[in-house]
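Have a look at query-v6.cif below; it lists mmCIF, C-alpha atoms and all ligand atoms.
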```cif
data_model
loop_
_atom_site.label_atom_id
_atom_site.label_comp_id
_atom_site.auth_asym_id
_atom_site.auth_seq_id
_atom_site.Cartn_x
_atom_site.Cartn_y
_atom_site.Cartn_z
CA MET A 2 54.19 -13.46 30.61
CA ASN A 3 51.94 -14.35 33.54
CA SER A 4 53.83 -15.23 36.73
CA ALA A 5 53.41 -15.54 40.50
CA ASP A 6 55.51 -16.27 43.55
CA VAL A 7 53.17 -19.14 44.40
CA ILE A 8 50.86 -21.02 42.02
CA ILE A 9 48.14 -23.13 43.65
CA ILE A 10 46.49 -25.83 41.54
CA GLY A 11 42.92 -26.37 42.79
CA GLY A 12 40.44 -23.80 44.11
CA GLY A 13 38.60 -26.00 46.63
CA ILE A 14 38.62 -25.42 50.38
CA VAL A 15 42.28 -26.50 50.70
CA GLY A 16 43.68 -24.32 47.90
CA SER A 17 41.62 -21.38 49.17
CA SER A 18 42.86 -21.80 52.73
CA ILE A 19 46.47 -21.98 51.58
CA ALA A 20 46.01 -18.80 49.51
CA TYR A 21 44.49 -16.98 52.50
CA HIS A 22 47.19 -18.14 54.91
CA LEU A 23 49.94 -17.09 52.50
CA THR A 24 48.50 -13.58 52.41
CA ASP A 25 48.20 -13.61 56.18
CA ALA A 26 51.95 -14.21 56.32
CA GLY A 27 52.62 -11.38 53.88
CA CYS A 28 52.90 -13.33 50.60
CA ARG A 29 50.37 -11.82 48.19
CA ASP A 30 51.73 -12.67 44.74
CA VAL A 31 49.66 -15.82 44.50
CA ILE A 32 47.56 -17.36 41.70
CA VAL A 33 44.90 -20.03 42.38
CA ILE A 34 44.02 -22.06 39.28
CA GLU A 35 40.67 -23.86 39.14
CA ARG A 36 39.61 -25.79 36.05
CA GLU A 37 35.87 -25.55 36.74
CA THR A 38 33.86 -22.41 35.98
CA ALA A 39 32.95 -22.20 39.68
CA GLN A 40 34.75 -23.24 42.85
CA GLY A 41 33.47 -26.06 45.05
CA LYS A 42 32.55 -28.52 42.31
CA GLY A 43 35.13 -31.03 43.59
CA SER A 44 34.80 -32.71 46.99
CA THR A 45 34.30 -29.47 48.92
CA GLY A 46 30.78 -28.95 47.64
CA LYS A 47 29.89 -32.61 48.33
CA SER A 48 31.10 -32.78 51.92
CA MET A 49 29.04 -33.54 55.02
CA GLY A 50 30.79 -30.64 56.78
CA GLY A 51 31.60 -32.57 59.96
CA VAL A 52 34.39 -31.18 62.16
CA ARG A 53 35.76 -33.19 65.07
CA ALA A 54 38.76 -33.40 67.35
CA GLN A 55 37.86 -36.95 68.41
CA PHE A 56 40.69 -38.70 66.55
CA ALA A 57 43.20 -41.39 67.51
CA THR A 58 46.51 -39.79 66.43
CA ALA A 59 48.16 -36.79 68.08
CA ILE A 60 48.67 -35.04 64.75
CA ASN A 61 45.00 -35.32 63.72
CA ILE A 62 43.91 -34.13 67.18
CA ARG A 63 46.29 -31.15 66.94
CA MET A 64 45.15 -30.17 63.43
CA SER A 65 41.50 -30.44 64.49
CA MET A 66 41.92 -28.40 67.66
CA HIS A 67 43.64 -25.61 65.73
CA SER A 68 41.01 -25.75 62.97
CA ILE A 69 37.96 -25.82 65.25
CA SER A 70 39.28 -22.87 67.21
CA PHE A 71 39.77 -21.10 63.86
CA PHE A 72 36.19 -21.94 62.75
CA SER A 73 34.84 -20.53 66.00
CA ARG A 74 36.47 -17.14 65.14
CA PHE A 75 36.03 -17.41 61.37
CA ASP A 76 33.08 -15.00 60.96
CA GLU A 77 34.88 -12.28 62.91
CA VAL A 78 38.26 -12.71 61.16
CA MET A 79 36.94 -13.23 57.61
CA GLY A 80 33.81 -11.11 57.73
CA HIS A 81 32.08 -14.14 56.22
CA PRO A 82 30.14 -16.99 57.90
CA SER A 83 31.65 -20.45 58.38
CA GLY A 84 28.33 -21.93 59.50
CA TYR A 85 30.14 -23.52 62.47
CA ARG A 86 27.62 -25.20 64.78
CA ALA A 87 29.11 -26.71 67.94
CA GLN A 88 26.52 -29.47 68.30
CA GLY A 89 29.12 -32.13 69.05
CA TYR A 90 29.99 -35.60 67.79
CA LEU A 91 28.62 -38.56 69.74
CA PHE A 92 30.43 -41.90 69.23
CA VAL A 93 28.25 -44.80 70.38
CA ALA A 94 29.91 -48.07 71.45
CA THR A 95 28.12 -51.41 71.52
CA THR A 96 31.14 -53.70 72.12
CA PRO A 97 33.80 -53.71 74.86
CA ALA A 98 36.45 -53.35 72.13
CA HIS A 99 34.89 -50.12 70.84
CA LEU A 100 34.57 -48.81 74.38
CA GLU A 101 38.23 -49.53 75.05
CA TYR A 102 39.15 -47.84 71.76
CA LEU A 103 37.22 -44.72 72.81
CA ARG A 104 38.93 -44.79 76.23
CA GLN A 105 42.39 -44.90 74.62
CA ASN A 106 41.51 -42.08 72.22
CA TYR A 107 40.09 -40.05 75.08
CA ARG A 108 43.45 -40.26 76.87
CA HIS A 109 45.28 -39.09 73.72
CA GLN A 110 42.77 -36.25 73.24
CA VAL A 111 43.06 -35.06 76.85
CA ASP A 112 46.86 -35.37 76.67
CA GLY A 113 46.66 -33.19 73.56
CA GLY A 114 44.89 -30.48 75.58
CA LEU A 115 41.29 -31.11 74.51
CA LYS A 116 39.03 -30.08 77.39
CA THR A 117 35.59 -30.54 75.86
CA VAL A 118 35.60 -34.33 75.37
CA HIS A 119 33.92 -36.74 77.80
CA LEU A 120 33.52 -40.49 78.15
CA LEU A 121 29.91 -41.51 78.62
CA ASP A 122 28.02 -44.40 80.15
CA ALA A 123 24.88 -45.81 78.55
CA GLN A 124 22.60 -43.43 80.50
CA ASP A 125 24.57 -40.40 79.28
CA VAL A 126 24.22 -41.60 75.69
CA ALA A 127 20.48 -42.01 76.16
CA ARG A 128 20.23 -38.46 77.52
CA ILE A 129 22.07 -36.96 74.54
CA ALA A 130 20.39 -39.10 71.89
CA PRO A 131 17.12 -40.48 73.31
CA GLU A 132 15.97 -41.47 69.80
CA LEU A 133 18.54 -44.28 69.54
CA ARG A 134 17.78 -47.95 70.17
CA GLN A 135 19.50 -48.24 73.52
CA ASP A 136 19.36 -51.94 74.48
CA ASP A 137 22.93 -52.87 73.42
CA ILE A 138 24.66 -49.51 74.01
CA LEU A 139 27.56 -49.78 76.47
CA GLY A 140 28.69 -46.14 76.43
CA GLY A 141 30.33 -43.62 74.18
CA SER A 142 32.23 -40.39 73.94
CA PHE A 143 31.11 -36.86 73.21
CA CYS A 144 32.98 -33.67 72.40
CA SER A 145 30.90 -30.52 72.65
CA THR A 146 33.13 -28.36 70.41
CA ASP A 147 32.91 -30.86 67.55
CA GLY A 148 30.09 -30.18 65.10
CA PHE A 149 29.62 -28.98 61.52
CA VAL A 150 30.53 -26.13 59.20
CA ASP A 151 29.25 -25.03 55.80
CA PRO A 152 32.16 -26.11 53.54
CA HIS A 153 31.16 -23.94 50.58
CA SER A 154 30.88 -20.87 52.79
CA VAL A 155 34.26 -21.54 54.44
CA MET A 156 35.88 -21.89 51.00
CA THR A 157 34.22 -18.66 49.83
CA GLY A 158 35.33 -16.81 52.98
CA PHE A 159 38.95 -17.85 52.47
CA THR A 160 38.78 -16.91 48.78
CA LEU A 161 37.19 -13.50 49.23
CA LYS A 162 39.69 -12.48 51.89
CA ALA A 163 42.61 -13.76 49.78
CA ILE A 164 41.35 -11.85 46.71
CA GLU A 165 40.87 -8.70 48.81
CA ARG A 166 44.58 -8.99 49.65
CA GLY A 167 45.71 -9.39 46.06
CA VAL A 168 45.46 -13.10 45.23
CA ARG A 169 44.39 -13.83 41.65
CA LEU A 170 41.82 -16.60 41.02
CA MET A 171 41.73 -18.11 37.52
CA ARG A 172 38.61 -20.19 36.97
CA ASP A 173 37.84 -22.29 33.91
CA THR A 174 41.58 -22.93 33.57
CA ASP A 175 42.97 -26.45 33.41
CA VAL A 176 46.55 -27.17 34.47
CA THR A 177 47.90 -29.49 31.79
CA GLY A 178 51.62 -29.57 32.53
CA ILE A 179 54.22 -28.75 35.17
CA LYS A 180 57.54 -27.48 33.87
CA LYS A 181 60.91 -27.87 35.58
CA ASP A 182 64.61 -27.26 35.10
CA ALA A 183 67.69 -28.40 37.02
CA GLN A 184 66.78 -26.14 39.98
CA GLY A 185 63.16 -27.32 40.32
CA VAL A 186 59.74 -26.27 39.05
CA THR A 187 59.55 -23.31 36.71
CA GLY A 188 55.78 -22.96 36.23
CA VAL A 189 52.64 -24.57 34.88
CA GLU A 190 51.12 -25.05 31.44
CA THR A 191 47.42 -24.27 31.41
CA SER A 192 44.56 -24.16 28.94
CA ARG A 193 45.11 -20.36 28.98
CA GLY A 194 48.88 -20.43 28.53
CA PHE A 195 52.03 -20.73 30.60
CA ILE A 196 52.30 -19.26 34.11
CA ALA A 197 55.82 -18.94 35.48
CA GLY A 198 56.57 -19.56 39.16
CA ARG A 199 59.19 -21.30 41.28
CA THR A 200 56.64 -22.56 43.84
CA VAL A 201 53.71 -24.75 42.77
CA VAL A 202 51.23 -26.29 45.21
CA ASN A 203 49.17 -29.36 44.37
CA ALA A 204 45.75 -28.78 46.00
CA ALA A 205 43.82 -30.84 43.47
CA GLY A 206 41.84 -33.01 45.91
CA ALA A 207 40.90 -36.42 44.56
CA TRP A 208 42.68 -35.50 41.28
CA ALA A 209 45.99 -34.90 43.09
CA GLY A 210 47.54 -38.10 41.73
CA ASN A 211 46.97 -36.90 38.15
CA VAL A 212 48.43 -33.47 38.90
CA ALA A 213 51.47 -35.01 40.62
CA ARG A 214 52.05 -37.18 37.56
CA LEU A 215 52.33 -34.00 35.46
CA ALA A 216 55.41 -33.27 37.57
CA GLY A 217 56.70 -36.85 37.34
CA VAL A 218 55.79 -37.55 40.98
CA ASP A 219 54.11 -40.83 41.93
CA LEU A 220 51.66 -39.77 44.65
CA PRO A 221 49.61 -42.50 46.39
CA VAL A 222 46.25 -40.68 46.53
CA GLU A 223 43.23 -42.64 45.29
CA PRO A 224 39.68 -41.38 44.67
CA LEU A 225 36.97 -43.29 46.56
CA ARG A 226 33.25 -42.61 46.15
CA ARG A 227 31.18 -41.63 49.20
CA MET A 228 27.41 -41.12 49.11
CA LEU A 229 25.08 -39.04 51.29
CA VAL A 230 21.29 -39.26 51.61
CA PRO A 231 19.24 -36.34 52.99
CA THR A 232 15.77 -37.05 54.38
CA GLU A 233 12.75 -34.92 53.63
CA PRO A 234 11.72 -32.61 56.54
CA PHE A 235 11.66 -34.79 59.66
CA ASP A 236 11.10 -33.74 63.26
CA LYS A 237 11.42 -37.01 65.18
CA VAL A 238 15.07 -36.13 65.91
CA SER A 239 16.07 -32.81 67.46
CA HIS A 240 17.62 -30.30 65.06
CA GLN A 241 20.12 -29.62 67.86
CA SER A 242 21.32 -33.25 67.70
CA PRO A 243 25.06 -33.88 67.40
CA MET A 244 26.60 -35.96 64.64
CA VAL A 245 25.88 -39.47 65.92
CA VAL A 246 28.17 -42.33 64.93
CA ASP A 247 27.11 -45.94 65.49
CA MET A 248 30.49 -47.64 65.80
CA GLY A 249 28.90 -51.07 65.31
CA THR A 250 28.00 -50.41 61.67
CA GLY A 251 29.64 -47.07 60.84
CA PHE A 252 26.22 -45.52 60.15
CA HIS A 253 26.21 -41.83 61.07
CA TYR A 254 23.84 -38.90 60.74
CA ARG A 255 23.43 -35.26 61.59
CA PRO A 256 20.69 -32.64 61.30
CA GLU A 257 20.64 -30.85 57.95
CA GLY A 258 18.05 -28.21 57.06
CA LEU A 259 14.66 -29.47 58.23
CA GLY A 260 15.70 -33.13 58.12
CA LEU A 261 18.70 -35.40 58.60
CA LEU A 262 21.74 -36.20 56.49
CA LEU A 263 22.48 -39.95 56.48
CA ALA A 264 25.89 -41.52 55.79
CA TRP A 265 27.53 -44.91 55.75
CA ASN A 266 30.85 -45.93 54.28
CA ASP A 267 30.17 -48.94 52.09
CA PRO A 268 33.14 -51.33 52.50
CA GLU A 269 32.38 -52.75 49.05
CA GLU A 270 33.15 -49.44 47.34
CA THR A 271 36.24 -49.63 45.10
CA PRO A 272 38.64 -46.82 44.09
CA GLY A 273 37.93 -44.85 40.93
CA PHE A 274 36.47 -41.60 39.63
CA LYS A 275 32.84 -42.68 40.18
CA MET A 276 30.71 -39.60 40.72
CA ASN A 277 27.24 -41.04 40.08
CA PHE A 278 24.82 -41.71 42.95
CA ASP A 279 23.89 -45.40 43.10
CA ARG A 280 20.21 -45.71 44.15
CA GLY A 281 20.92 -49.13 45.69
CA PHE A 282 22.80 -47.23 48.42
CA ILE A 283 19.55 -45.88 49.88
CA LYS A 284 18.44 -49.32 51.03
CA LYS A 285 21.89 -50.03 52.46
CA VAL A 286 22.07 -46.83 54.51
CA LEU A 287 18.44 -47.03 55.68
CA THR A 288 18.86 -50.65 56.84
CA ARG A 289 21.75 -49.64 59.12
CA GLY A 290 20.00 -46.42 60.03
CA VAL A 291 16.65 -47.90 61.10
CA ASP A 292 18.50 -50.52 63.16
CA ARG A 293 20.02 -47.80 65.40
CA LEU A 294 17.50 -45.01 64.90
CA PRO A 295 14.12 -46.80 64.66
CA CYS A 296 12.11 -43.60 64.01
CA LEU A 297 13.89 -43.36 60.64
CA GLU A 298 11.29 -45.88 59.48
CA GLU A 299 8.93 -42.89 59.24
CA ALA A 300 11.33 -40.64 57.31
CA GLU A 301 11.03 -40.12 53.57
CA VAL A 302 13.93 -39.78 51.18
CA ASN A 303 13.92 -38.49 47.63
CA PRO A 304 16.66 -40.24 45.59
CA LYS A 305 16.96 -37.14 43.39
CA ARG A 306 18.29 -35.15 46.36
CA ALA A 307 20.99 -37.69 47.29
CA TRP A 308 24.54 -37.24 45.98
CA ALA A 309 27.97 -38.78 45.59
CA GLY A 310 31.46 -37.30 45.82
CA LEU A 311 35.05 -38.42 46.17
CA TYR A 312 37.28 -39.00 49.17
CA GLU A 313 41.00 -38.73 48.46
CA MET A 314 42.54 -41.71 50.21
CA THR A 315 46.17 -42.32 51.19
CA PRO A 316 47.52 -45.67 52.42
CA ASP A 317 47.52 -44.47 56.06
CA HIS A 318 44.45 -42.20 55.90
CA HIS A 319 46.51 -39.13 56.79
CA PRO A 320 47.22 -36.20 54.48
CA VAL A 321 50.43 -35.67 52.54
CA MET A 322 51.79 -32.20 53.15
CA GLY A 323 54.90 -30.29 52.31
CA PRO A 324 57.72 -30.28 49.76
CA VAL A 325 58.78 -33.07 47.43
CA ARG A 326 62.48 -33.42 48.12
CA ASP A 327 63.44 -34.48 44.58
CA LEU A 328 61.58 -31.58 42.96
CA PRO A 329 62.35 -28.27 44.67
CA GLY A 330 59.41 -25.86 44.65
CA PHE A 331 56.73 -28.55 44.31
CA PHE A 332 54.48 -28.76 47.39
CA LEU A 333 51.68 -31.18 48.26
CA ALA A 334 48.47 -30.60 50.24
CA ASN A 335 46.62 -33.78 49.44
CA GLY A 336 45.15 -37.07 50.61
CA PHE A 337 42.89 -35.83 53.41
CA SER A 338 41.05 -39.16 53.36
CA GLY A 339 37.71 -37.52 54.06
CA HIS A 340 38.90 -34.90 56.57
CA GLY A 341 39.91 -32.06 54.28
CA VAL A 342 37.15 -29.66 55.27
CA MET A 343 37.72 -29.94 59.00
CA HIS A 344 41.50 -29.71 58.58
CA SER A 345 41.51 -26.88 56.03
CA PRO A 346 42.52 -24.08 58.45
CA ALA A 347 45.44 -26.09 59.86
CA THR A 348 46.47 -27.16 56.36
CA GLY A 349 46.56 -23.59 55.07
CA ARG A 350 48.66 -22.49 58.00
CA ILE A 351 51.09 -25.45 57.74
CA LEU A 352 51.57 -25.04 53.99
CA ALA A 353 52.14 -21.28 54.29
CA ASP A 354 54.70 -21.97 57.05
CA LEU A 355 56.50 -24.62 55.00
CA ILE A 356 56.54 -22.56 51.79
CA LEU A 357 57.73 -19.36 53.44
CA HIS A 358 59.89 -20.65 56.32
CA GLY A 359 60.62 -24.33 55.63
CA ARG A 360 59.07 -25.40 58.94
CA SER A 361 55.86 -25.11 60.94
CA ASP A 362 55.44 -24.76 64.67
CA LEU A 363 51.85 -26.01 64.47
CA VAL A 364 52.75 -29.69 63.92
CA ASP A 365 55.80 -31.79 63.17
CA ALA A 366 55.18 -31.64 59.43
CA GLU A 367 57.85 -34.29 58.77
CA LEU A 368 55.30 -36.84 60.01
CA LEU A 369 53.02 -35.94 57.10
CA GLY A 370 55.80 -35.71 54.52
CA PHE A 371 55.74 -37.45 51.15
CA ASP A 372 58.89 -39.39 52.09
CA ARG A 373 57.01 -41.43 54.69
CA PHE A 374 55.55 -43.77 52.09
CA ALA A 375 58.92 -44.80 50.62
CA ALA A 376 60.42 -45.01 54.11
CA GLY A 377 57.51 -47.09 55.47
CA ARG A 378 56.84 -44.55 58.28
CA LEU A 379 53.06 -44.81 58.03
CA LEU A 380 50.68 -43.34 60.60
CA HIS A 381 47.56 -45.16 61.75
CA GLU A 382 44.08 -43.65 62.12
CA PRO A 383 41.49 -46.45 62.41
CA VAL A 384 38.24 -44.47 62.24
CA VAL A 385 37.68 -42.87 58.84
CA LEU A 386 34.06 -41.82 58.64
C1 LIG A 401 30.36 -37.36 50.56
C2 LIG A 401 31.52 -36.68 51.24
C3 LIG A 401 31.43 -36.34 52.59
C4 LIG A 401 32.50 -35.70 53.22
N1 LIG A 401 32.37 -35.35 54.53
C5 LIG A 401 33.39 -34.68 55.14
C6 LIG A 401 33.23 -34.23 56.48
O1 LIG A 401 32.20 -34.46 57.12
N2 LIG A 401 34.27 -33.53 57.03
C7 LIG A 401 35.44 -33.28 56.34
O2 LIG A 401 36.34 -32.67 56.89
N3 LIG A 401 35.59 -33.70 55.08
C8 LIG A 401 34.60 -34.40 54.46
N4 LIG A 401 34.75 -34.82 53.17
C9 LIG A 401 36.05 -34.65 52.52
C10 LIG A 401 36.26 -33.23 52.04
O3 LIG A 401 35.15 -32.86 51.24
C11 LIG A 401 37.56 -33.16 51.25
O4 LIG A 401 38.61 -33.72 52.01
C12 LIG A 401 37.90 -31.70 50.93
O5 LIG A 401 36.81 -31.07 50.30
C13 LIG A 401 39.13 -31.63 50.06
O6 LIG A 401 39.27 -30.30 49.63
P1 LIG A 401 40.23 -29.97 48.42
O7 LIG A 401 40.22 -28.51 48.24
O8 LIG A 401 41.55 -30.65 48.64
O9 LIG A 401 39.58 -30.75 47.18
P2 LIG A 401 38.43 -30.27 46.16
O10 LIG A 401 37.32 -29.57 46.84
O11 LIG A 401 38.07 -31.49 45.37
O12 LIG A 401 39.18 -29.22 45.25
C14 LIG A 401 40.16 -29.61 44.32
C15 LIG A 401 39.97 -28.75 43.12
O13 LIG A 401 41.04 -28.98 42.21
C16 LIG A 401 40.53 -28.79 40.91
N5 LIG A 401 41.45 -29.41 39.96
C17 LIG A 401 41.77 -30.73 39.86
N6 LIG A 401 42.64 -30.93 38.87
C18 LIG A 401 42.90 -29.71 38.32
C19 LIG A 401 43.72 -29.26 37.25
N7 LIG A 401 44.46 -30.10 36.52
N8 LIG A 401 43.74 -27.94 36.96
C20 LIG A 401 43.00 -27.04 37.68
N9 LIG A 401 42.20 -27.42 38.70
C21 LIG A 401 42.14 -28.73 39.02
C22 LIG A 401 39.18 -29.45 40.97
O14 LIG A 401 38.31 -28.99 39.95
C23 LIG A 401 38.69 -29.09 42.37
O15 LIG A 401 37.85 -27.95 42.38
C24 LIG A 401 33.70 -35.42 52.50
C25 LIG A 401 33.78 -35.76 51.15
C26 LIG A 401 32.71 -36.37 50.52
C27 LIG A 401 32.81 -36.72 49.06
#
```
Would you encode the structure as structure tokens?
Amino acid sequence: MNSADVIIIGGGIVGSSIAYHLTDAGCRDVIVIERETAQGKGSTGKSMGGVRAQFATAINIRMSMHSISFFSRFDEVMGHPSGYRAQGYLFVATTPAHLEYLRQNYRHQVDGGLKTVHLLDAQDVARIAPELRQDDILGGSFCSTDGFVDPHSVMTGFTLKAIERGVRLMRDTDVTGIKKDAQGVTGVETSRGFIAGRTVVNAAGAWAGNVARLAGVDLPVEPLRRMLVPTEPFDKVSHQSPMVVDMGTGFHYRPEGLGLLLAWNDPEETPGFKMNFDRGFIKKVLTRGVDRLPCLEEAEVNPKRAWAGLYEMTPDHHPVMGPVRDLPGFFLANGFSGHGVMHSPATGRILADLILHGRSDLVDAELLGFDRFAAGRLLHEPVVL
């Protein structure tokens, strides 16, 4: 009978990072189960790849700082590129309230030890992003170590290193059941048969709620569609530009290939497994985009190159990590609410710590525990991009 010390359900960037970090801590009897024939077909392959430490909560700042430092050493440690480009994130404020919000966050970020973040006045913003319509800009904030990674490459790097160290990856294998006895989980039923194991990790991304249900656990993670629109080659904006976020509308963009990648979180989007790209979104994103970045008027987009994917939202927009108290051996690494790529190194490390030692010195993992929902101990992160 097939068995493993740790069974990970989901071979995206999160499951891969957990597998790698387990091996790094000496645990090599690990199976990663992925239902698709190739990895990355979930949210990982759809991501914008943004990485930032400019968050509002101490725990998000901590996870980002650890992860960004990890990305900066990734190529050396993994022997595989992460595609990390430290081009920064520029938040642009057009109201006193947004400026005050950035000031408060800045204090939290500096208190957390972040040295590369700066508050900006309107002239600084114009220097960093001269292409923007400047007339109503009051200021902003910029962190030079924020930037982008290549999510698919990061996932592949984690996987290859984990496999080199003995981890088994089963593709084209659907987990259809989670078995338990009085002591806790005993293994998983799959489309290729039963796999025995006393530790099972849910790393199923936007499908985490369905996987948790297989174990009788009611996990509040909802899929929410997000859409991205790449432009055709376009040189009116520097390819060294940071990710620029217009806080007034939520429109944001970054360089991608020879053009730009455009994003906007449509507040009218409703939860559900909607994976199709809605062509009506192009007009919505371009309207906001041209308003802040007038030269976009001259850019061309090809609807066939645009795509949609799923965020995995929790009620407080923070991940759920760690054990489920009522079901020993069942661990969660879910609900990244659109930040799962940037937080994948920290997540892998925290999960490996919790599985092997019951605690992590990277963060106070209790804060992210499953129990917080029933206990009403929610966290609050206002800016989900
Ligand atoms: C448009 C878009 C833009 C984004 N931009 C960013 C960004 O800029 N920065 C950032 O940090 N994050 C971003 N994200 C979010 C990020 O992509 C996710 O948080 C991250 O990829 C989650 O990784 P994961 O491994 O948990 O999930 P996934 O990559 O979805 O992997 C989960 C895997 O589990 C598998 N699975 C599910 N159920 C089963 C089962 N029963 N049996 C076996 N396998 C199963 C799935 O096939 C899937 O491969 C973005 C997401 C989208 C959609």
Q. At what distance in Å, to one decimal, does CA of Ala207 (chain A) lie from CA of Glu223 (chain A)?
A.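 Value for the CA of Glu223 (chain A)-CA of Ala207 (chain A) distance: 6.7 Å.
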Please find the residues contacting ligand LIG 401 (chain A) at a distance of at most 7 Å between atoms, with all atoms listed in the file counted, and report them as number ranges by chain.
A: 10-16, 34-37, 40-52, 174-177, 204-209, 212, 226-229, 309-313, 335, 337-344
Given the point (52.5, -27.6, 59.0) in the file's coordinates, find the residues that have an atom at most 10 Å from it, counting all atoms listed in the file, and give them as a PDB file with C-alpha atoms, in the frame of the given file.
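Written output follows (point.pdb):
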```pdb
ATOM      1  CA  MET A  64      45.150 -30.170  63.430  1.00  0.00           C
ATOM      2  CA  MET A 322      51.790 -32.200  53.150  1.00  0.00           C
ATOM      3  CA  GLY A 323      54.900 -30.290  52.310  1.00  0.00           C
ATOM      4  CA  ALA A 347      45.440 -26.090  59.860  1.00  0.00           C
ATOM      5  CA  THR A 348      46.470 -27.160  56.360  1.00  0.00           C
ATOM      6  CA  GLY A 349      46.560 -23.590  55.070  1.00  0.00           C
ATOM      7  CA  ARG A 350      48.660 -22.490  58.000  1.00  0.00           C
ATOM      8  CA  ILE A 351      51.090 -25.450  57.740  1.00  0.00           C
ATOM      9  CA  LEU A 352      51.570 -25.040  53.990  1.00  0.00           C
ATOM     10  CA  ALA A 353      52.140 -21.280  54.290  1.00  0.00           C
ATOM     11  CA  ASP A 354      54.700 -21.970  57.050  1.00  0.00           C
ATOM     12  CA  LEU A 355      56.500 -24.620  55.000  1.00  0.00           C
ATOM     13  CA  ILE A 356      56.540 -22.560  51.790  1.00  0.00           C
ATOM     14  CA  GLY A 359      60.620 -24.330  55.630  1.00  0.00           C
ATOM     15  CA  ARG A 360      59.070 -25.400  58.940  1.00  0.00           C
ATOM     16  CA  SER A 361      55.860 -25.110  60.940  1.00  0.00           C
ATOM     17  CA  ASP A 362      55.440 -24.760  64.670  1.00  0.00           C
ATOM     18  CA  LEU A 363      51.850 -26.010  64.470  1.00  0.00           C
ATOM     19  CA  VAL A 364      52.750 -29.690  63.920  1.00  0.00           C
ATOM     20  CA  ASP A 365      55.800 -31.790  63.170  1.00  0.00           C
ATOM     21  CA  ALA A 366      55.180 -31.640  59.430  1.00  0.00           C
ATOM     22  CA  GLU A 367      57.850 -34.290  58.770  1.00  0.00           C
ATOM     23  CA  LEU A 368      55.300 -36.840  60.010  1.00  0.00           C
ATOM     24  CA  LEU A 369      53.020 -35.940  57.100  1.00  0.00           C
ATOM     25  CA  GLY A 370      55.800 -35.710  54.520  1.00  0.00           C
TER      26      GLY A 370
END
```
CA of Met314 (chain A) to CA of Ala59 (chain A) measures 19.4 Å
- Nearest to Thr315 (chain A) by atom-to-atom distance, counting all atoms listed in the file, from A:Val93, A:Leu115, A:Leu294, A:Leu379: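 Closest to Thr315 (chain A) of all the choices is A:Leu379.
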Nearest residue to Glu132 (chain A) out of A:Leu170, A:Arg280, A:Val238, A:Val7, using all atoms listed in the file?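 So, comparing all the options, the nearest one is A:Val238.
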Coordinates of region 102-124 of chain A, C-alpha atoms, as a PDB file, in the first residue's frame:
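Listing of result_18.pdb after writing:
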```
ATOM      1  CA  TYR A 102      -3.489  55.305   5.585  1.00  0.00           C
ATOM      2  CA  LEU A 103      -0.087  55.053   3.869  1.00  0.00           C
ATOM      3  CA  ARG A 104       1.523  56.989   6.752  1.00  0.00           C
ATOM      4  CA  GLN A 105       0.088  54.567   9.323  1.00  0.00           C
ATOM      5  CA  ASN A 106       1.188  51.545   7.294  1.00  0.00           C
ATOM      6  CA  TYR A 107       4.633  53.061   6.859  1.00  0.00           C
ATOM      7  CA  ARG A 108       5.009  53.248  10.649  1.00  0.00           C
ATOM      8  CA  HIS A 109       3.983  49.574  11.004  1.00  0.00           C
ATOM      9  CA  GLN A 110       6.379  48.573   8.212  1.00  0.00           C
ATOM     10  CA  VAL A 111       9.323  50.476   9.717  1.00  0.00           C
ATOM     11  CA  ASP A 112       8.466  49.094  13.173  1.00  0.00           C
ATOM     12  CA  GLY A 113       8.568  45.644  11.570  1.00  0.00           C
ATOM     13  CA  GLY A 114      12.144  46.291  10.419  1.00  0.00           C
ATOM     14  CA  LEU A 115      11.508  47.188   6.767  1.00  0.00           C
ATOM     15  CA  LYS A 116      14.253  49.594   5.673  1.00  0.00           C
ATOM     16  CA  THR A 117      13.469  50.000   1.981  1.00  0.00           C
ATOM     17  CA  VAL A 118      10.082  51.752   2.227  1.00  0.00           C
ATOM     18  CA  HIS A 119       9.673  55.527   1.868  1.00  0.00           C
ATOM     19  CA  LEU A 120       6.837  58.025   2.043  1.00  0.00           C
ATOM     20  CA  LEU A 121       6.729  60.291  -0.991  1.00  0.00           C
ATOM     21  CA  ASP A 122       5.451  63.746  -1.822  1.00  0.00           C
ATOM     22  CA  ALA A 123       3.825  64.519  -5.161  1.00  0.00           C
ATOM     23  CA  GLN A 124       7.159  65.482  -6.781  1.00  0.00           C
TER      24      GLN A 124
END
```
